[in-house]
Structure formats: C-alpha cells, structure tokens
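Shown here: data-v2.cif, mmCIF, C-alpha atoms and all ligand atoms.
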data_run
loop_
_atom_site.label_atom_id
_atom_site.label_comp_id
_atom_site.auth_asym_id
_atom_site.auth_seq_id
_atom_site.Cartn_x
_atom_site.Cartn_y
_atom_site.Cartn_z
CA MET I 154 63.67 90.54 129.79
CA PHE I 155 65.75 90.12 126.64
CA ILE I 156 69.27 88.82 127.26
CA THR I 157 71.88 88.13 124.59
CA PHE I 158 75.22 86.30 124.61
CA GLU I 159 78.05 87.53 122.42
CA GLY I 160 81.74 86.94 121.82
CA ILE I 161 84.18 85.65 119.23
CA ASP I 162 83.99 81.98 118.17
CA GLY I 163 85.74 79.90 120.81
CA ALA I 164 84.88 82.22 123.72
CA GLY I 165 82.79 79.37 125.21
CA LYS I 166 79.53 81.26 125.70
CA SER I 167 77.08 78.46 124.82
CA THR I 168 77.75 76.41 127.99
CA HIS I 169 76.65 79.31 130.16
CA LEU I 170 73.37 79.94 128.34
CA ALA I 171 71.96 76.68 129.70
CA ALA I 172 73.05 77.53 133.25
CA LEU I 173 71.43 80.95 133.01
CA ALA I 174 68.21 79.35 131.72
CA GLN I 175 68.21 77.14 134.82
CA TRP I 176 68.80 80.17 137.04
CA TRP I 177 65.66 81.86 135.68
CA ARG I 178 63.57 78.69 135.75
CA ALA I 179 64.48 78.25 139.41
CA ARG I 180 62.85 81.66 139.87
CA ASP I 181 59.66 80.44 138.21
CA ARG I 182 60.12 82.35 135.01
CA GLU I 183 59.31 81.05 131.55
CA VAL I 184 62.56 80.93 129.58
CA VAL I 185 62.86 80.97 125.80
CA LEU I 186 66.29 79.77 124.78
CA THR I 187 67.08 80.62 121.18
CA ARG I 188 69.87 81.64 118.79
CA GLU I 189 70.82 83.75 115.78
CA PRO I 190 70.95 83.39 112.94
CA GLY I 191 68.06 81.01 113.48
CA GLY I 192 65.29 80.38 116.00
CA THR I 193 62.51 79.62 113.47
CA PRO I 194 62.43 77.05 110.63
CA LEU I 195 62.89 79.77 107.99
CA ALA I 196 65.64 81.55 109.93
CA GLU I 197 67.44 78.23 110.48
CA ARG I 198 67.46 77.71 106.69
CA LEU I 199 68.95 81.17 106.26
CA ARG I 200 71.54 80.25 108.90
CA GLU I 201 72.63 77.24 106.85
CA MET I 202 73.22 79.48 103.84
CA VAL I 203 75.08 82.16 105.79
CA LEU I 204 77.35 79.67 107.55
CA HIS I 205 78.17 77.49 104.55
CA GLU I 206 77.77 79.31 101.22
CA ALA I 207 80.13 81.91 99.78
CA MET I 208 78.50 85.34 99.31
CA ASP I 209 79.40 89.00 99.42
CA PRO I 210 79.15 90.95 102.69
CA LEU I 211 75.97 92.87 101.74
CA THR I 212 74.15 89.64 100.87
CA GLU I 213 75.41 88.15 104.12
CA SER I 214 74.18 91.16 106.10
CA LEU I 215 70.77 91.13 104.41
CA LEU I 216 70.33 87.43 105.15
CA VAL I 217 71.22 87.75 108.85
CA PHE I 218 68.82 90.69 109.17
CA ALA I 219 66.11 88.80 107.26
CA ALA I 220 66.54 85.90 109.67
CA ARG I 221 66.39 88.38 112.57
CA ARG I 222 63.17 89.98 111.37
CA GLU I 223 61.50 86.58 111.16
CA HIS I 224 62.87 85.60 114.58
CA LEU I 225 61.71 88.85 116.22
CA LEU I 226 58.18 88.62 114.83
CA LYS I 227 57.61 84.93 115.42
CA VAL I 228 59.54 84.22 118.62
CA ILE I 229 61.19 87.10 120.48
CA GLU I 230 58.46 89.76 120.54
CA PRO I 231 55.62 87.33 121.43
CA ALA I 232 57.77 85.83 124.22
CA LEU I 233 58.61 89.25 125.68
CA ALA I 234 54.97 90.28 125.42
CA ARG I 235 53.88 87.35 127.60
CA GLY I 236 56.59 88.08 130.17
CA ALA I 237 59.09 85.35 129.32
CA VAL I 238 62.84 85.74 129.69
CA VAL I 239 64.41 85.45 126.25
CA LEU I 240 68.00 84.15 126.19
CA CYS I 241 69.47 84.52 122.72
CA ASP I 242 72.82 83.13 121.58
CA ARG I 243 74.02 86.12 119.50
CA PHE I 244 71.98 89.03 118.13
CA THR I 245 72.68 92.29 116.27
CA ASP I 246 75.99 93.00 118.01
CA ALA I 247 77.27 89.91 116.14
CA THR I 248 76.31 91.52 112.82
CA PHE I 249 78.30 94.65 113.65
CA ALA I 250 81.17 92.48 114.91
CA TYR I 251 81.32 89.90 112.09
CA GLN I 252 79.94 91.71 109.02
CA GLY I 253 81.05 95.18 110.17
CA GLY I 254 84.34 94.35 111.91
CA GLY I 255 85.38 91.00 110.46
CA ARG I 256 84.26 91.56 106.86
CA GLY I 257 84.78 95.33 106.93
CA PHE I 258 81.23 96.03 105.72
CA ASN I 259 79.76 99.53 105.98
CA TRP I 260 78.81 100.24 109.60
CA ALA I 261 76.29 102.99 108.67
CA VAL I 262 74.38 100.61 106.38
CA LEU I 263 74.24 98.06 109.20
CA ALA I 264 72.91 100.77 111.53
CA GLN I 265 70.15 101.57 109.02
CA LEU I 266 69.22 97.90 108.68
CA GLU I 267 69.18 97.60 112.47
CA THR I 268 66.62 100.40 112.79
CA TRP I 269 64.59 99.13 109.89
CA VAL I 270 64.40 95.54 111.12
CA GLN I 271 64.04 95.98 114.86
CA GLY I 272 62.78 99.52 115.50
CA ASP I 273 63.79 100.45 119.04
CA ARG I 274 64.14 96.88 120.24
CA GLN I 275 67.50 96.25 121.92
CA PRO I 276 68.52 93.59 124.42
CA ASP I 277 68.09 94.62 128.06
CA LEU I 278 71.38 92.95 128.88
CA THR I 279 74.22 91.59 126.76
CA PHE I 280 76.90 89.28 128.16
CA LEU I 281 80.07 89.86 126.18
CA PHE I 282 82.46 86.92 126.54
CA ASP I 283 85.82 88.50 126.01
CA VAL I 284 88.88 86.47 125.11
CA PRO I 285 92.03 87.24 123.09
CA PRO I 286 91.84 85.86 119.51
CA GLU I 287 94.81 83.51 120.04
CA VAL I 288 93.12 81.85 123.03
CA ALA I 289 89.86 81.47 121.10
CA GLN I 290 91.74 80.03 118.14
CA ALA I 291 93.38 77.37 120.29
CA ARG I 292 89.91 76.40 121.56
CA ARG I 293 88.47 76.35 118.05
CA ALA I 294 91.23 73.99 116.90
CA ALA I 295 89.17 71.23 118.54
CA VAL I 296 86.28 71.93 116.14
CA ARG I 297 86.43 69.37 113.35
CA GLN I 298 84.44 71.06 110.59
CA PRO I 299 84.72 74.83 110.88
CA ASP I 300 82.04 76.97 109.19
CA ARG I 301 82.78 80.05 107.06
CA PHE I 302 83.43 82.15 110.17
CA GLU I 303 85.29 79.65 112.32
CA ALA I 304 87.68 79.11 109.42
CA GLN I 305 88.83 82.77 109.49
CA ASP I 306 92.30 83.80 110.66
CA GLU I 307 93.35 85.53 113.86
CA ALA I 308 93.31 89.00 112.26
CA PHE I 309 89.62 88.54 111.38
CA PHE I 310 88.80 87.71 114.99
CA ALA I 311 90.88 90.62 116.25
CA ARG I 312 88.64 92.88 114.15
CA VAL I 313 85.52 91.13 115.41
CA ARG I 314 86.64 91.67 119.00
CA GLN I 315 87.37 95.36 118.35
CA ALA I 316 83.93 95.85 116.82
CA TYR I 317 82.27 94.24 119.85
CA GLU I 318 84.22 96.67 122.01
CA ALA I 319 83.01 99.61 119.87
CA ARG I 320 79.41 98.47 120.36
CA ARG I 321 79.99 98.19 124.10
CA GLN I 322 81.43 101.69 124.27
CA ALA I 323 78.41 103.08 122.40
CA GLN I 324 75.94 101.47 124.86
CA PRO I 325 77.98 100.72 128.00
CA LEU I 326 75.01 100.17 130.34
CA ARG I 327 73.62 97.33 128.23
CA PHE I 328 76.79 95.24 128.41
CA ALA I 329 78.24 92.98 131.08
CA VAL I 330 81.76 91.92 130.10
CA VAL I 331 82.83 88.46 131.18
CA ASP I 332 86.50 87.45 131.30
CA ALA I 333 86.22 84.26 129.27
CA THR I 334 89.88 83.26 129.67
CA ALA I 335 89.07 81.88 133.14
CA ALA I 336 88.09 78.25 133.81
CA PRO I 337 84.46 77.42 132.82
CA ASP I 338 83.21 77.17 136.43
CA VAL I 339 84.74 80.56 137.27
CA VAL I 340 83.15 82.11 134.17
CA GLY I 341 79.83 80.47 135.11
CA THR I 342 79.92 81.99 138.59
CA GLN I 343 80.72 85.38 137.07
CA VAL I 344 77.71 85.18 134.74
CA LEU I 345 75.25 84.22 137.47
CA SER I 346 76.47 86.88 139.88
CA LEU I 347 76.28 89.56 137.18
CA MET I 348 72.76 88.35 136.45
CA ALA I 349 71.77 88.47 140.12
CA ASP I 350 73.07 92.05 140.34
CA ARG I 351 71.12 93.15 137.27
CA ALA I 352 67.95 91.33 138.29
CA GLY I 353 68.23 92.94 141.74
CA VAL I 354 68.48 96.40 140.22
CA GLN I 355 65.50 95.90 137.93
CA GLY I 356 63.49 93.64 140.22
CA VAL I 357 63.22 90.04 139.04
CA GLU I 358 59.43 90.20 138.81
CA GLY I 359 59.21 93.58 137.16
CA ALA I 360 61.92 92.94 134.60
CA ALA I 361 59.58 91.21 132.17
CA ARG I 362 58.92 93.72 129.48
CA ARG I 363 60.82 96.90 128.85
CA GLY I 364 61.05 99.01 125.75
CA PRO I 365 58.41 99.60 123.11
CA PRO I 366 57.01 96.74 121.01
CA LEU I 367 58.37 96.20 117.55
CA ASP I 368 56.67 98.82 115.45
CA VAL I 369 58.42 99.87 112.27
CA PRO I 370 56.57 102.48 110.20
CA GLY I 371 55.45 101.14 106.86
CA VAL I 372 56.25 97.54 107.74
CA ALA I 373 53.41 95.33 108.94
CA SER I 374 54.29 93.75 112.24
P1 LIG Q 401 77.80 80.36 116.76
O1 LIG Q 401 76.86 81.25 117.44
O2 LIG Q 401 79.22 80.42 117.19
O3 LIG Q 401 77.20 78.89 116.84
P2 LIG Q 401 77.98 77.54 117.04
O4 LIG Q 401 78.41 77.57 118.47
O5 LIG Q 401 76.93 76.53 116.69
O6 LIG Q 401 79.14 77.56 116.07
O7 LIG Q 401 77.82 80.49 115.17
C1 LIG Q 401 77.18 81.46 114.48
C2 LIG Q 401 78.13 82.12 113.53
O8 LIG Q 401 77.43 83.11 112.80
C3 LIG Q 401 79.28 82.81 114.25
O9 LIG Q 401 80.51 82.46 113.63
C4 LIG Q 401 79.02 84.27 114.03
C5 LIG Q 401 78.15 84.31 112.80
N1 LIG Q 401 77.20 85.44 112.82
C6 LIG Q 401 77.37 86.49 111.95
O10 LIG Q 401 78.35 86.50 111.18
N2 LIG Q 401 76.48 87.53 111.94
C7 LIG Q 401 75.41 87.56 112.77
O11 LIG Q 401 74.62 88.53 112.73
C8 LIG Q 401 75.21 86.47 113.67
C9 LIG Q 401 74.04 86.45 114.58
C10 LIG Q 401 76.14 85.42 113.66
#
Hey, can you dump this file as structure tokens for me?
Amino acid sequence: MFITFEGIDGAGKSTHLAALAQWWRARDREVVLTREPGGTPLAERLREMVLHEAMDPLTESLLVFAARREHLLKVIEPALARGAVVLCDRFTDATFAYQGGGRGFNWAVLAQLETWVQGDRQPDLTFLFDVPPEVAQARRAAVRQPDRFEAQDEAFFARVRQAYEARRQAQPLRFAVVDATAAPDVVGTQVLSLMADRAGVQGVEGAARRGPPLDVPGVAS
C-alpha cells in the first residue's frame, strides 16, 4: 500500500507519519518511511538544490520529477513489490500544489511529466492536512531558517492550498482530508481512525500491492 502525506508548510503532518508507521508495524507489516523530494542519496542532493537555490519554475519542476523518478525506481516500486507499506512525506500532489499553484507553472506540462515519470502509479491513499494559510504561517514563525518555500507569503500558500483542493476534487476517492487546525492528539486520532476505515475496506493483508508496476514505454525501468 502506498500512502502519502500532503499539506501546506506548517500543517504539522510529519508528526503523524511516525504514528502511522507504528500503527502498521503493530500489524506486522514492513513499513518504508520516506519523503520527497528525497528518499535516495541522489534525490536528497536534488532536494538540497530545490529547497535552497534560486531557479525558474520549469527547472524546479524537472528537478522534483527527476528526484521522484529515482525514488520510485530505487525505493518505492521495490518496496511495494515485496508487500511493504510505503509512507511518503509528500509526492506528486505537492508538485501540482507548489509548482503549479504556488509558482503558477503550467498544469498541463506537470500532468505530462507525471505520466512520463510514474506511468499509472498513484498513491492508494493520500492524507491531506488542511489548514488555513494564516494558521500555518503562525506555526511556521517558529522555524528559524526557512527554505525557499517556507519563506513565501500567505498568498502563495493560499494558492498551494487551492491547488491541493483541485487535485482532491479530480481524484476524490484517493484523498482523506484531515482538519489540521485541531490539537495534535486530536489530529492523530483522526489519522489513525481514517486509516483503520480504509484498511478495513481493502483488507489489511490484501492491501499490499495495487495498481500496475512502473512501466513507461521507451524508458528502461
Ligand atoms: P517539507 O516536506 O515541508 O519538509 P520539512 O518538514 O523538512 O520542511 O519540505 C519540502 C518542501 O518542498 C515543501 O516546502 C514543499 C516543497 N515541494 C515542492 O515544492 N514540490 C514537490 O514536488 C515536493 C515533493 C515538495
């Protein structure tokens, strides 16, 4: 099962990834906890560039998709193939939200890159931590050294949030929206009960591998 966590910076998603990993491990499942951009040594180097060096939105988009390709081939696809649960802190919805929404980059080009890089692979479940930009900004104020995204203004994050919502509307069944304005323990309970519902529907044991393997014509995988 491939599960992703999304939301604007300051939504507080990272805390709950660890709790969800524990939830699956308690059910005797191998868990691969990873993140984007990143998850392999090469992809982590690309992450450093994307987060800290000025570049135009197409370059930025190409680098996050390059990191994703590497991450899919080396970590995500092999883990799914052996039946592990993959928990990924951000994935392609973040590209549509940040590069598409935040930066205003061409949505159709991103959709082409998505198909090219990942074929039919989509997360089985995406937790979307939803919070108004002003609440997230107040939380981010505690961050001492903001990266290129965290340093953006409220209008940027309003666009990011809207783009996440557009992705959710396009694939409503994939998303579970979490009200991230609540206290952390309340949000945590929400995440685990949503997970239990989904796992119940799919069957915890049988949920291992859904969807075709990564197989992009003309690109060796
Ligand atoms: P984030 O996941 O918030 O990590 P941390 O909690 O360590 O700050 O940071 C990753 C940043 O990268 C975040 O601001 C969103 C941005 N991002 C993109 O712009 N595009 C993408 O495709 C992805 C995956 C992330």
Q. With all atoms listed in the file as the atoms that count, which of I:Thr212, I:Thr245, I:Gln252, I:Thr193 lies nearest to Arg274 (chain I)?
A. I:Thr245
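When all atoms listed in the file are used to compute distances to ligand LIG 401 (chain Q), the closest of the residues I:Pro190, I:Gly165, I:Gly160, I:Gly253 turns out to be I:Pro190.
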**Q.** ligand LIG 401 (chain Q) neighbours within 6 Å using only C-alpha atoms and all ligand atoms, as an MDAnalysis selection string
**A.** chainID I and resid 162 189:190 217 243:245 247:248 251:252 302:303
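Of the listed residues (I:Ala171, I:Asp300, I:Leu263, I:Tyr317), I:Asp300 comes nearest to Glu206 (chain I); the distances count all atoms listed in the file.
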Q | For CA of Ala335 (chain I) and CA of Gln275 (chain I), the interatomic separation in Å (one decimal) | A | 28.2 Å
